[in-house]
Amino acid sequence: MNAITTSKPLEPRDAKKDQSQIKQKEMIAGNFQELTDAHKQGKKVSYTFVPGNLNELVMCFDMVGNYPEINALQNGMRKKTGAYIMEAERQGHSEDVCTYVKSDLGMVKKGNIGPTGQPLPEPDLLLLSYTGCFTFMKWFELLRHEYKCETAMLHVPYQADGKITDNMRNYVVNQLKQDVIPKLEKISGVKFDIDRLREYLRESAKAEENLVWVLQSAKHKPSPIDAYFGAIYYVGPIFSAFRGTRDATEYYRLLRKEIQERIDQGLGPVTPDGVMKEEKYRLVTEGPPNYTHMYEFWKMFYEDGAVNVASTYTKVGGTYDFGFRHDPEHPLESLANYCLSCYTNLSLPERVKMLVTYINEYQADGLLINSIKSCNSFSAGQLLMMREVEKQTGKPAAFVETDLVDPRYFSAANVKNRLESYFQMIDQKRHAA
Amino acid sequence: MAISDQIIDRCQNLYEDLNFTNAREWKAAVPGRKVIGFMPIYVAREMIHAAGMLPFGIFGGGDQLEVIQGDAYYQSYICRIPRSTIELELTKRLDFIDGMLFPSTCDVIRNLSGMFQMIRPGIYTRYFDVPQNYMDNVGGDYYVMELQELREGLEKLGGIKITDDDLRNAIALYNDNRQLVNKLYDLRAAQPWKIPATEAYLLERAGMLLPVEEHSQMLIDYMAAITAGDRPRRDNCRVVLSGMFCEQPPLNLIKSIELAGCYIVNDDFMLVNRWLTKAVPVDGDPIRSLATTFLHHSVKTSATFEPNEDEKGQYLVEAVRRSSAEGVIFAAPSFCDPALLERPMLMDALNGANIPYIAFKYAENTGQMQPIREQAGTFADSIKLWGV
Ligand code: SF4
Ligand code: SF4
C-alpha cells in the first residue's frame with residue numbers, strides 16, 4: 001500500500017497553483033536532492049515504510065529517510081512500474097506477489113534511479129517498521145539480501161481485539177529502547193536525545209491538528225476536497241519524510257487556509273480538470289487507489305459528480321481523525337501508539353466500524369471498495385466488510401478491482417461500467433426513499 | 001491387514017472425514033469438554049491441552065470439499081485455504097468448535113480472525129501474535145504475556161483454572177510427541193522406501209485431529225511395525241519439499257511426486273508438530289520455558305523474520321544436508337505471499353550450496369497432476385543421470 005506525495009502529476013489545468021502545492025513540491029524536490037547527496041555529505045540513509053514510520057526518531061539521528069512505497073507509487077504515476085515489475089518477474093519473483101515490492105526491486109535492478117530521475121542512495125539501515133502488512137517483512141529481507149546492510153526490526157502487534165493492550169505498547173517501546181535506538185545510534189554515530197524527539201513530536205502534533213481539520217472539511221456540502229484522490233496529496237508530507245518538521249507544519253497551515261477559503265466560497269474540490277461543479281454523489285472509499293491510471297480513474301468520479309468524502313487509505317499512515325496525536329510528554333509510548341493504530345493494523349470489525357462511522361458522519365450515499373490485487377493486508381475480507389457495512393447503514397456498496405502500480409490490472413472499461421451502475425443504484429435508492 | 005496399514009487406514013479416514021466425527025465424539029464423551037480450532041503454522045498447543053481442551057488443527061477443506069459459499073468471500077487472487085475454511089464454517093462442519101486461534105502467519109489468516117469474529121460472534125477467537133523480536137527481555141517478555149492472556153482466555157471459556165502443573169504435564173506430552181515425529185522423519189530419511197511420503201503426511205495430519213496421547217501411541221505403533229517389516233526399494237532420488245506449510249496439497253500431489261521418482265525425505269508439512277527444536281524444560285516457570293524455547297529453538301520458515309542475513313535460507317540447506325537429499329522441490333500455494341516472497345532468497349541459498357531445485361505452484365484443489373508428475377520426473381532423471 002501506501003501513501004503518497006507527488007512532485008509532478010495531476011495538477012489542475014485551469015488553476016493557478018495554490019501556495020500549499022508549491023510548498024509541497026519544494027519539500028519533495030528537496031527530499032530527493034537530500035537523498036541523492038546524502039552519502040556525499042556524510043549523512044546516513046534509512047529506508048522505511050509509511051505505516052508505523054518513525055520519522056521523528058530517524059531525524060534525531062540526522063539520517064535521511066527514503067520510502068520505497070512512495071518511490072513505487074511515484075513511479076506508478078510516471079508509468080515506469082510496468083517495466084520494473086516485469087524486470088523483477090524476470091529475476092524470478094512470482095506474478096502473484098505484491099507489485100510494490102516488485103516495482104521497487106525492479107527499480108533497484110535497473111540502477112536504483114528514483115522517480116525524479118535522480119539516483120537513490122543505498123541504505124545504511126533498513127528500518128523495518130512491521131506494521132499492518134506481512135509483506136513488509138519479506139520486502140526488507142529481500143532488500144537486505146541485495147544490499148547486505150543492517151536491518152532494525154520493529155514488530156508492531158496487531159490490534160485483533162480492537163484495543164491496544166499494555167503488553168503491546170510495552171513490547172513496542174522495549175524494542176525501541178533496546179534494539180531500534182541503539183542501532184540508530186550505532187549507524188549514525190549520533191547519541192539519542194529524547195528532548196530533540198519531543199521537539200519533533202510537538203511539531204508533528206501541530207501538523208496533525210490541521211490535517212484532521214482538512215480531512216473533516218469534507219463534512220461540508222459541497223465538500224471542498226476529494227478525500228481519496230485529493231487527500232492522497234494532502235497526507236503526503238505527514239505520511240513520510242516530513243512528519244515532525246517545520247515545513248510540514250507550515251504546509252498544513254497553508255492548506256487549511258486554502259480549504260477554508262474554498263468553504264467560504266462554497267466551492268467543490270479541485271480536480272485535474274479544474275473545480276468540480278456539481279456534487280451529486282458522496283462516497284466513502286475503502287482501499288488504495290490505482291496509481292498507473294490515477295487521472296483516468298479519478299475522472300470517472302468527478303465527471304459524474306461523485307466526490308469521495310472519506311477514505312481509509314488516507315489513514316494507513318495514521319488514524320489521526322479518531323483522536324491520536326503524537327505526544328511530546330510520552331515520546332516513545334506515543335510512537336508505539338501511533339504504530340499500533342495505523343489503519344491496516346486494525347481488525348476487520350474495527351475497520352467496518354470506521355467505515356460505518358464515516359458513512360454516517362459524512363452523510364455519504366454509500367461505500368466504494370477498490371480492491372487491490374497486490375494487497376492481502378487490505379483486500380482479504382473486504383467482501384465481508386462490504387456486506388457488513390451495507391447491513392449496518394442500509395446504504396449501497398460497490399466493489400471494483402484494480403492494482404496499485406501494475407498497469408496490467410487496470411481495466412478502464414470494467415471499472416467505469418461498475419461505477420456507472422453504482423451511481424445508478426444510488427439514484428434508484430434515492431428515488432425509492 | 002498389516003498393523004501399519006491399519007494405522008494409515010485410520011489416519012486416512014480421519015483425514016477424509018470433513019464432519020470431524022472423531023473430534024465431535026471426543027467432545028461428547030465428557031460433558032463440558034471443549035475443542036479449540038487452530039490454523040497453520042504455529043500455536044502453543046500445550047496451553048490448550050493444559051486447559052483440558054482438544055487442540056484441533058484446521059487445514060482447509062482439501063480437494064474433497066466443494067467450495068460454494070466460501071468463494072463469495074474472497075477475490076480470485078487470494079489463496080484457497082481461507083475460502084475452504086469459511087466453507088467449513090458456513091456448512092456447519094465446525095459447529096462443535098468452541099474457540100479459534102489464528103496465528104500470525106500472514107495477512108490472510110490475520111484478517112480471517114476478524115472475519116470469524118463477525119461470522120461466529122459467539123465463540124472465543126484469538127489472534128496468536130508471536131514475537132518477531134528474539135531478545136528474552138523484549139520479545140520474550142511480550143510472549144510470556146501473550147501466553148498468559150491465552151491462559152486467562154481459556155480459563156474463562158472453560159470455567160477452569162490452568163495450574164502450572166497442568167501446563168508442565170502438557171509440555172511433557174508435547175515434548176514426547178515432537179520427539180516421536182522427529183524420529184519418524186529420521187526413519188524416513190534413512191529408509192524412505194519404508195515410509196512413503198503419503199503415509200508420513202497422513203500420520204502428521206492425524207496429529208492435528210487427535211489428542212496428543214493417542215497420536216503419540218499411534219506413532220510408536222506405526223514405527224514399530226515399519227521397522228519390523230520391509231518394503232521394496234526403488235531407484236528414486238531424494239528431495240526436500242518446501243512451501244507447503246499452510247495451504248495443503250492434495251494427497252495425490254504428494255503421491256505423484258513420489259511416483260515420479262522422488263523420495264521426499266524432508267518437508268515443511270504441519271510444522272506445528274516439529275516447531276520447537278528442543279524439549280521445553282518441565283521444571284521452572286512453564287510459561288517462561290515455553291517462551292524461551294520458542295525464541296531460541298524454533299524452526300525457521302518464510303513466515304518469520306531472520307535477523308541475520310548470513311543465516312537467510314540456510315535452514316533449507318541444512319534440511320537438505322541433514323536428510324542427505326539431492327535436491328529441493330519448491331511447491332507453494334498460488335498467491336501465498338510468505339512462500340513466494342521467500343522463494344528467491346531460498347533459491348539463492350541453494351545456488352550457493354550447489355543444490356538443484358525446481359518450482360511450481362498448486363492449490364488445495366489442484367486436480368491435474370500430469371504436469372507436476374512430468375516436472376518432478378524430469379528433475380529426478382536429471383539428478384540420477386547427471387547428479388545435477
Ligand atoms: S501488501 Fe499491501 S500493505 Fe503490504 S506492501 Fe504491498 S500494497 Fe503495501
Ligand atoms: S496459503 Fe499462504 S497466503 Fe494463504 S493463508 Fe496460508 S500462508 Fe497465508
# chains A, B, ... in the order shown; residues from 1 in each chain; ligands from 1
$ residues_near_ligand --ligand "ligand 1" --cutoff "6 Å" --atoms "only C-alpha atoms and all ligand atoms" --output "VMD selection string"
chain A and resid 1 to 2 98 100 133 135 to 136 374 to 377
$ write_last_selection --atoms "C-alpha atoms" --output "short mmCIF file (atom, residue, chain, number, x, y, z; two decimals), in the first residue's frame"
data_model
loop_
_atom_site.label_atom_id
_atom_site.label_comp_id
_atom_site.auth_asym_id
_atom_site.auth_seq_id
_atom_site.Cartn_x
_atom_site.Cartn_y
_atom_site.Cartn_z
CA MET A 1 0.00 0.00 0.00
CA ASN A 2 0.87 3.39 0.68
CA CYS A 98 2.70 -7.51 -4.21
CA TYR A 100 5.02 -2.53 -4.80
CA CYS A 133 1.45 -5.80 6.49
CA THR A 135 4.87 -8.29 3.02
CA PHE A 136 6.93 -5.54 4.63
CA SER A 374 -1.39 -6.79 -4.61
CA CYS A 375 -2.51 -6.27 -1.12
CA ASN A 376 -3.70 -9.12 1.09
CA SER A 377 -3.49 -6.84 4.08
#
$ residues_near_ligand --ligand "ligand 2" --cutoff "7 Å" --atoms "only C-alpha atoms and all ligand atoms" --output "list in words"
Cys79, Arg80, Ile81, Pro82, Thr105, Cys106, Asp107, Val108, Ile109, Cys246, Glu247, Pro333, Phe335, Cys336, Asp337, Pro338 and Ala339 of chain B
$ select_by_dssp --residues "region 57-144 of chain A" --states "alpha helix (DSSP H)" --output "ChimeraX atom specification"
/A:57-59,68-77,81-90,99-109,135-144
$ interface_residues --of "chain A" --to "chain B" --cutoff "6 Å" --atoms "only C-alpha atoms" --output "list of chain:residue names"
A:Asp96, A:Val97, A:Phe134, A:Tyr171, A:Asn174, A:Ser347, A:Leu348, A:Asn376, A:Ser377, A:Ala380, A:Leu383
$ closest_residue --among "B:Glu87, B:Glu326, B:Asp5, B:Glu258" --to "Leu350 (chain B)" --atoms "only C-alpha atoms"
B:Glu326
$ atom_distance --atom1 "CA of Cys11 (chain B)" --atom2 "CA of Ala197 (chain B)"
13.5 Å
$ select_by_dssp --residues "region 5-192 of chain B" --states "strand (DSSP E)" --output "PyMOL selection string"
chain B and resi 35-38+54-57+99-103+124-128
$ write_last_selection --atoms "all heavy atoms" --output "compact mmCIF listing (two decimals), in the first residue's frame"
# COMPACT_ATOMS: atom_id res chain seq x y z
N VAL B 35 -13.41 -27.87 22.38
CA VAL B 35 -12.48 -28.05 21.27
C VAL B 35 -12.04 -26.67 20.77
O VAL B 35 -12.87 -25.79 20.54
CB VAL B 35 -13.14 -28.84 20.11
CG1 VAL B 35 -12.17 -29.02 18.95
CG2 VAL B 35 -13.65 -30.19 20.59
N ILE B 36 -10.73 -26.51 20.63
CA ILE B 36 -10.19 -25.22 20.16
C ILE B 36 -9.52 -25.43 18.80
O ILE B 36 -8.51 -26.13 18.70
CB ILE B 36 -9.15 -24.64 21.16
CG1 ILE B 36 -9.74 -24.55 22.57
CG2 ILE B 36 -8.62 -23.29 20.67
CD1 ILE B 36 -10.89 -23.57 22.73
N GLY B 37 -10.09 -24.81 17.78
CA GLY B 37 -9.50 -24.91 16.44
C GLY B 37 -8.29 -24.00 16.33
O GLY B 37 -8.20 -22.98 17.01
N PHE B 38 -7.35 -24.40 15.49
CA PHE B 38 -6.22 -23.50 15.20
C PHE B 38 -5.81 -23.69 13.75
O PHE B 38 -6.02 -24.74 13.15
CB PHE B 38 -5.04 -23.76 16.14
CG PHE B 38 -4.36 -25.09 15.96
CD1 PHE B 38 -3.32 -25.26 15.05
CD2 PHE B 38 -4.76 -26.20 16.70
CE1 PHE B 38 -2.70 -26.49 14.87
CE2 PHE B 38 -4.14 -27.45 16.54
CZ PHE B 38 -3.11 -27.58 15.62
N LEU B 54 -9.29 -29.85 23.52
CA LEU B 54 -8.63 -30.52 22.40
C LEU B 54 -8.15 -29.48 21.38
O LEU B 54 -8.97 -28.76 20.80
CB LEU B 54 -9.62 -31.49 21.72
CG LEU B 54 -9.08 -32.22 20.49
CD1 LEU B 54 -8.00 -33.24 20.88
CD2 LEU B 54 -10.22 -32.94 19.74
N PRO B 55 -6.83 -29.40 21.15
CA PRO B 55 -6.37 -28.55 20.05
C PRO B 55 -6.69 -29.24 18.73
O PRO B 55 -6.35 -30.42 18.55
CB PRO B 55 -4.84 -28.48 20.27
CG PRO B 55 -4.53 -29.32 21.46
CD PRO B 55 -5.73 -30.11 21.84
N PHE B 56 -7.31 -28.51 17.84
CA PHE B 56 -7.86 -29.14 16.64
C PHE B 56 -7.40 -28.34 15.41
O PHE B 56 -7.81 -27.20 15.19
CB PHE B 56 -9.40 -29.13 16.76
CG PHE B 56 -10.11 -29.72 15.60
CD1 PHE B 56 -10.21 -31.10 15.47
CD2 PHE B 56 -10.69 -28.92 14.64
CE1 PHE B 56 -10.88 -31.66 14.39
CE2 PHE B 56 -11.36 -29.46 13.57
CZ PHE B 56 -11.46 -30.84 13.44
N GLY B 57 -6.49 -28.93 14.65
CA GLY B 57 -5.90 -28.22 13.51
C GLY B 57 -6.85 -28.13 12.33
O GLY B 57 -7.37 -29.14 11.87
N GLY B 99 -13.71 -22.50 20.22
CA GLY B 99 -12.80 -21.37 20.11
C GLY B 99 -11.90 -21.53 18.92
O GLY B 99 -11.77 -22.63 18.37
N MET B 100 -11.31 -20.43 18.48
CA MET B 100 -10.41 -20.48 17.32
C MET B 100 -9.18 -19.64 17.59
O MET B 100 -9.29 -18.50 18.06
CB MET B 100 -11.12 -19.88 16.10
CG MET B 100 -11.96 -20.81 15.28
SD MET B 100 -11.07 -22.20 14.55
CE MET B 100 -10.20 -21.46 13.20
N LEU B 101 -8.03 -20.20 17.25
CA LEU B 101 -6.79 -19.43 17.32
C LEU B 101 -6.27 -19.22 15.91
O LEU B 101 -6.17 -20.16 15.12
CB LEU B 101 -5.72 -20.19 18.12
CG LEU B 101 -6.02 -20.52 19.58
CD1 LEU B 101 -4.79 -21.14 20.24
CD2 LEU B 101 -6.45 -19.28 20.34
N PHE B 102 -5.97 -17.97 15.62
CA PHE B 102 -5.42 -17.62 14.31
C PHE B 102 -3.99 -17.13 14.50
O PHE B 102 -3.77 -16.04 15.03
CB PHE B 102 -6.26 -16.52 13.66
CG PHE B 102 -7.66 -16.96 13.37
CD1 PHE B 102 -8.66 -16.80 14.32
CD2 PHE B 102 -7.98 -17.54 12.16
CE1 PHE B 102 -9.96 -17.21 14.07
CE2 PHE B 102 -9.28 -17.95 11.89
CZ PHE B 102 -10.27 -17.79 12.85
N PRO B 103 -3.01 -17.92 14.12
CA PRO B 103 -1.63 -17.49 14.36
C PRO B 103 -1.17 -16.41 13.37
O PRO B 103 -1.77 -16.24 12.30
CB PRO B 103 -0.82 -18.77 14.15
CG PRO B 103 -1.72 -19.77 13.57
CD PRO B 103 -3.11 -19.25 13.52
N TYR B 124 -14.97 -18.04 21.25
CA TYR B 124 -13.70 -17.45 21.68
C TYR B 124 -12.77 -17.39 20.46
O TYR B 124 -12.47 -18.42 19.86
CB TYR B 124 -13.09 -18.31 22.79
CG TYR B 124 -11.70 -17.92 23.19
CD1 TYR B 124 -11.46 -16.76 23.91
CD2 TYR B 124 -10.61 -18.73 22.88
CE1 TYR B 124 -10.16 -16.40 24.29
CE2 TYR B 124 -9.31 -18.38 23.26
CZ TYR B 124 -9.10 -17.21 23.96
OH TYR B 124 -7.84 -16.85 24.33
N THR B 125 -12.34 -16.20 20.10
CA THR B 125 -11.44 -16.05 18.95
C THR B 125 -10.20 -15.31 19.41
O THR B 125 -10.32 -14.28 20.06
CB THR B 125 -12.11 -15.20 17.86
OG1 THR B 125 -13.38 -15.74 17.58
CG2 THR B 125 -11.30 -15.19 16.58
N ARG B 126 -9.05 -15.84 19.06
CA ARG B 126 -7.84 -15.13 19.44
C ARG B 126 -6.81 -15.16 18.32
O ARG B 126 -6.57 -16.19 17.70
CB ARG B 126 -7.23 -15.77 20.70
CG ARG B 126 -6.03 -15.00 21.18
CD ARG B 126 -5.60 -15.34 22.58
NE ARG B 126 -4.44 -14.54 22.92
CZ ARG B 126 -4.50 -13.29 23.39
NH1 ARG B 126 -5.66 -12.73 23.62
NH2 ARG B 126 -3.39 -12.62 23.64
N TYR B 127 -6.26 -13.98 18.07
CA TYR B 127 -5.15 -13.87 17.13
C TYR B 127 -3.89 -14.14 17.93
O TYR B 127 -3.61 -13.46 18.91
CB TYR B 127 -5.14 -12.47 16.53
CG TYR B 127 -4.03 -12.25 15.53
CD1 TYR B 127 -4.00 -12.96 14.33
CD2 TYR B 127 -3.03 -11.32 15.76
CE1 TYR B 127 -2.99 -12.75 13.41
CE2 TYR B 127 -2.02 -11.11 14.84
CZ TYR B 127 -2.02 -11.83 13.67
OH TYR B 127 -1.01 -11.62 12.76
N PHE B 128 -3.15 -15.15 17.55
CA PHE B 128 -1.99 -15.59 18.33
C PHE B 128 -0.75 -14.97 17.71
O PHE B 128 -0.18 -15.49 16.75
CB PHE B 128 -1.95 -17.12 18.32
CG PHE B 128 -0.95 -17.70 19.26
CD1 PHE B 128 -1.11 -17.58 20.63
CD2 PHE B 128 0.15 -18.40 18.80
CE1 PHE B 128 -0.19 -18.11 21.52
CE2 PHE B 128 1.08 -18.94 19.66
CZ PHE B 128 0.90 -18.79 21.04
$ residues_around --residues "Gly229 (chain B)" --least-positions-apart "4" --cutoff "10 Å" --atoms "only C-alpha atoms" --output "count of residues only"
5
$ atom_distance --atom1 "CA of Val172 (chain A)" --atom2 "CA of Thr357 (chain A)"
28.8 Å
$ residues_around --residues "region 79-83 of chain A" --least-positions-apart "2" --cutoff "12 Å" --atoms "only C-alpha atoms" --output "VMD selection string"
chain A and resid 9 69 71 to 77 85 to 90 99 to 110 113 to 117 290 to 295 403 to 410
$ decode --residues "region 231-243 of chain B" --atoms "all heavy atoms" --output "PDB file, in the first residue's frame"
ATOM      1  N   ARG B 231       9.926 -53.057   2.735  1.00  0.00           N
ATOM      2  CA  ARG B 231       9.141 -52.714   1.549  1.00  0.00           C
ATOM      3  C   ARG B 231      10.122 -52.584   0.380  1.00  0.00           C
ATOM      4  O   ARG B 231      11.299 -52.290   0.592  1.00  0.00           O
ATOM      5  CB  ARG B 231       8.403 -51.396   1.770  1.00  0.00           C
ATOM      6  CG  ARG B 231       7.142 -51.572   2.610  1.00  0.00           C
ATOM      7  CD  ARG B 231       6.559 -50.237   3.019  1.00  0.00           C
ATOM      8  NE  ARG B 231       5.166 -50.366   3.428  1.00  0.00           N
ATOM      9  CZ  ARG B 231       4.483 -49.411   4.029  1.00  0.00           C
ATOM     10  NH1 ARG B 231       5.057 -48.256   4.304  1.00  0.00           N
ATOM     11  NH2 ARG B 231       3.236 -49.594   4.355  1.00  0.00           N
ATOM     12  N   PRO B 232       9.636 -52.778  -0.827  1.00  0.00           N
ATOM     13  CA  PRO B 232      10.573 -52.739  -1.962  1.00  0.00           C
ATOM     14  C   PRO B 232      11.227 -51.374  -2.134  1.00  0.00           C
ATOM     15  O   PRO B 232      10.565 -50.341  -1.965  1.00  0.00           O
ATOM     16  CB  PRO B 232       9.687 -53.072  -3.172  1.00  0.00           C
ATOM     17  CG  PRO B 232       8.281 -52.983  -2.693  1.00  0.00           C
ATOM     18  CD  PRO B 232       8.268 -53.094  -1.214  1.00  0.00           C
ATOM     19  N   ARG B 233      12.489 -51.440  -2.450  1.00  0.00           N
ATOM     20  CA  ARG B 233      13.255 -50.213  -2.594  1.00  0.00           C
ATOM     21  C   ARG B 233      13.313 -49.813  -4.067  1.00  0.00           C
ATOM     22  O   ARG B 233      13.507 -50.655  -4.941  1.00  0.00           O
ATOM     23  CB  ARG B 233      14.664 -50.515  -2.083  1.00  0.00           C
ATOM     24  CG  ARG B 233      15.556 -49.341  -2.020  1.00  0.00           C
ATOM     25  CD  ARG B 233      16.851 -49.775  -1.360  1.00  0.00           C
ATOM     26  NE  ARG B 233      17.751 -48.650  -1.321  1.00  0.00           N
ATOM     27  CZ  ARG B 233      18.780 -48.557  -0.511  1.00  0.00           C
ATOM     28  NH1 ARG B 233      19.039 -49.520   0.323  1.00  0.00           N
ATOM     29  NH2 ARG B 233      19.554 -47.503  -0.535  1.00  0.00           N
ATOM     30  N   ARG B 234      13.140 -48.547  -4.341  1.00  0.00           N
ATOM     31  CA  ARG B 234      13.178 -48.110  -5.745  1.00  0.00           C
ATOM     32  C   ARG B 234      14.361 -47.181  -5.965  1.00  0.00           C
ATOM     33  O   ARG B 234      14.917 -46.627  -5.025  1.00  0.00           O
ATOM     34  CB  ARG B 234      11.875 -47.386  -6.089  1.00  0.00           C
ATOM     35  CG  ARG B 234      10.671 -48.295  -5.957  1.00  0.00           C
ATOM     36  CD  ARG B 234       9.387 -47.533  -5.991  1.00  0.00           C
ATOM     37  NE  ARG B 234       9.251 -46.818  -7.263  1.00  0.00           N
ATOM     38  CZ  ARG B 234       8.130 -46.232  -7.654  1.00  0.00           C
ATOM     39  NH1 ARG B 234       7.073 -46.278  -6.881  1.00  0.00           N
ATOM     40  NH2 ARG B 234       8.063 -45.598  -8.801  1.00  0.00           N
ATOM     41  N   ASP B 235      14.668 -47.030  -7.225  1.00  0.00           N
ATOM     42  CA  ASP B 235      15.828 -46.213  -7.561  1.00  0.00           C
ATOM     43  C   ASP B 235      15.406 -44.743  -7.679  1.00  0.00           C
ATOM     44  O   ASP B 235      15.481 -44.131  -8.749  1.00  0.00           O
ATOM     45  CB  ASP B 235      16.415 -46.716  -8.890  1.00  0.00           C
ATOM     46  CG  ASP B 235      17.624 -45.892  -9.286  1.00  0.00           C
ATOM     47  OD1 ASP B 235      18.295 -45.362  -8.375  1.00  0.00           O
ATOM     48  OD2 ASP B 235      17.872 -45.754 -10.490  1.00  0.00           O
ATOM     49  N   ASN B 236      14.931 -44.199  -6.573  1.00  0.00           N
ATOM     50  CA  ASN B 236      14.450 -42.809  -6.603  1.00  0.00           C
ATOM     51  C   ASN B 236      15.537 -41.843  -6.145  1.00  0.00           C
ATOM     52  O   ASN B 236      16.449 -42.239  -5.417  1.00  0.00           O
ATOM     53  CB  ASN B 236      13.263 -42.658  -5.638  1.00  0.00           C
ATOM     54  CG  ASN B 236      11.984 -43.209  -6.214  1.00  0.00           C
ATOM     55  OD1 ASN B 236      11.961 -43.725  -7.332  1.00  0.00           O
ATOM     56  ND2 ASN B 236      10.919 -43.118  -5.445  1.00  0.00           N
ATOM     57  N   CYS B 237      15.379 -40.594  -6.545  1.00  0.00           N
ATOM     58  CA  CYS B 237      16.262 -39.580  -5.968  1.00  0.00           C
ATOM     59  C   CYS B 237      15.633 -39.074  -4.669  1.00  0.00           C
ATOM     60  O   CYS B 237      14.488 -39.413  -4.353  1.00  0.00           O
ATOM     61  CB  CYS B 237      16.516 -38.443  -6.948  1.00  0.00           C
ATOM     62  SG  CYS B 237      15.087 -37.401  -7.183  1.00  0.00           S
ATOM     63  N   ARG B 238      16.372 -38.282  -3.948  1.00  0.00           N
ATOM     64  CA  ARG B 238      15.906 -37.847  -2.625  1.00  0.00           C
ATOM     65  C   ARG B 238      15.720 -36.330  -2.642  1.00  0.00           C
ATOM     66  O   ARG B 238      16.659 -35.589  -2.951  1.00  0.00           O
ATOM     67  CB  ARG B 238      16.934 -38.218  -1.560  1.00  0.00           C
ATOM     68  CG  ARG B 238      17.248 -39.714  -1.497  1.00  0.00           C
ATOM     69  CD  ARG B 238      18.548 -39.973  -0.762  1.00  0.00           C
ATOM     70  NE  ARG B 238      18.457 -39.475   0.604  1.00  0.00           N
ATOM     71  CZ  ARG B 238      18.043 -40.198   1.643  1.00  0.00           C
ATOM     72  NH1 ARG B 238      17.710 -41.467   1.482  1.00  0.00           N
ATOM     73  NH2 ARG B 238      17.974 -39.672   2.844  1.00  0.00           N
ATOM     74  N   VAL B 239      14.499 -35.892  -2.292  1.00  0.00           N
ATOM     75  CA  VAL B 239      14.242 -34.448  -2.343  1.00  0.00           C
ATOM     76  C   VAL B 239      13.634 -33.933  -1.039  1.00  0.00           C
ATOM     77  O   VAL B 239      13.017 -34.685  -0.287  1.00  0.00           O
ATOM     78  CB  VAL B 239      13.291 -34.061  -3.506  1.00  0.00           C
ATOM     79  CG1 VAL B 239      13.868 -34.445  -4.854  1.00  0.00           C
ATOM     80  CG2 VAL B 239      11.910 -34.662  -3.300  1.00  0.00           C
ATOM     81  N   VAL B 240      13.813 -32.630  -0.845  1.00  0.00           N
ATOM     82  CA  VAL B 240      13.130 -31.929   0.240  1.00  0.00           C
ATOM     83  C   VAL B 240      12.030 -31.085  -0.400  1.00  0.00           C
ATOM     84  O   VAL B 240      12.255 -30.454  -1.424  1.00  0.00           O
ATOM     85  CB  VAL B 240      14.123 -31.004   0.998  1.00  0.00           C
ATOM     86  CG1 VAL B 240      13.391 -30.099   1.977  1.00  0.00           C
ATOM     87  CG2 VAL B 240      15.163 -31.843   1.730  1.00  0.00           C
ATOM     88  N   LEU B 241      10.849 -31.114   0.208  1.00  0.00           N
ATOM     89  CA  LEU B 241       9.744 -30.272  -0.278  1.00  0.00           C
ATOM     90  C   LEU B 241       9.703 -28.998   0.549  1.00  0.00           C
ATOM     91  O   LEU B 241       9.802 -29.052   1.775  1.00  0.00           O
ATOM     92  CB  LEU B 241       8.416 -30.968  -0.054  1.00  0.00           C
ATOM     93  CG  LEU B 241       7.897 -31.968  -1.071  1.00  0.00           C
ATOM     94  CD1 LEU B 241       6.444 -32.301  -0.744  1.00  0.00           C
ATOM     95  CD2 LEU B 241       7.978 -31.386  -2.463  1.00  0.00           C
ATOM     96  N   SER B 242       9.503 -27.862  -0.117  1.00  0.00           N
ATOM     97  CA  SER B 242       9.469 -26.598   0.628  1.00  0.00           C
ATOM     98  C   SER B 242       8.306 -25.725   0.158  1.00  0.00           C
ATOM     99  O   SER B 242       8.099 -25.570  -1.053  1.00  0.00           O
ATOM    100  CB  SER B 242      10.799 -25.856   0.399  1.00  0.00           C
ATOM    101  OG  SER B 242      10.732 -24.582   0.971  1.00  0.00           O
ATOM    102  N   GLY B 243       7.555 -25.184   1.103  1.00  0.00           N
ATOM    103  CA  GLY B 243       6.487 -24.236   0.760  1.00  0.00           C
ATOM    104  C   GLY B 243       5.085 -24.694   1.112  1.00  0.00           C
ATOM    105  O   GLY B 243       4.116 -23.974   0.885  1.00  0.00           O
TER     106      GLY B 243
END
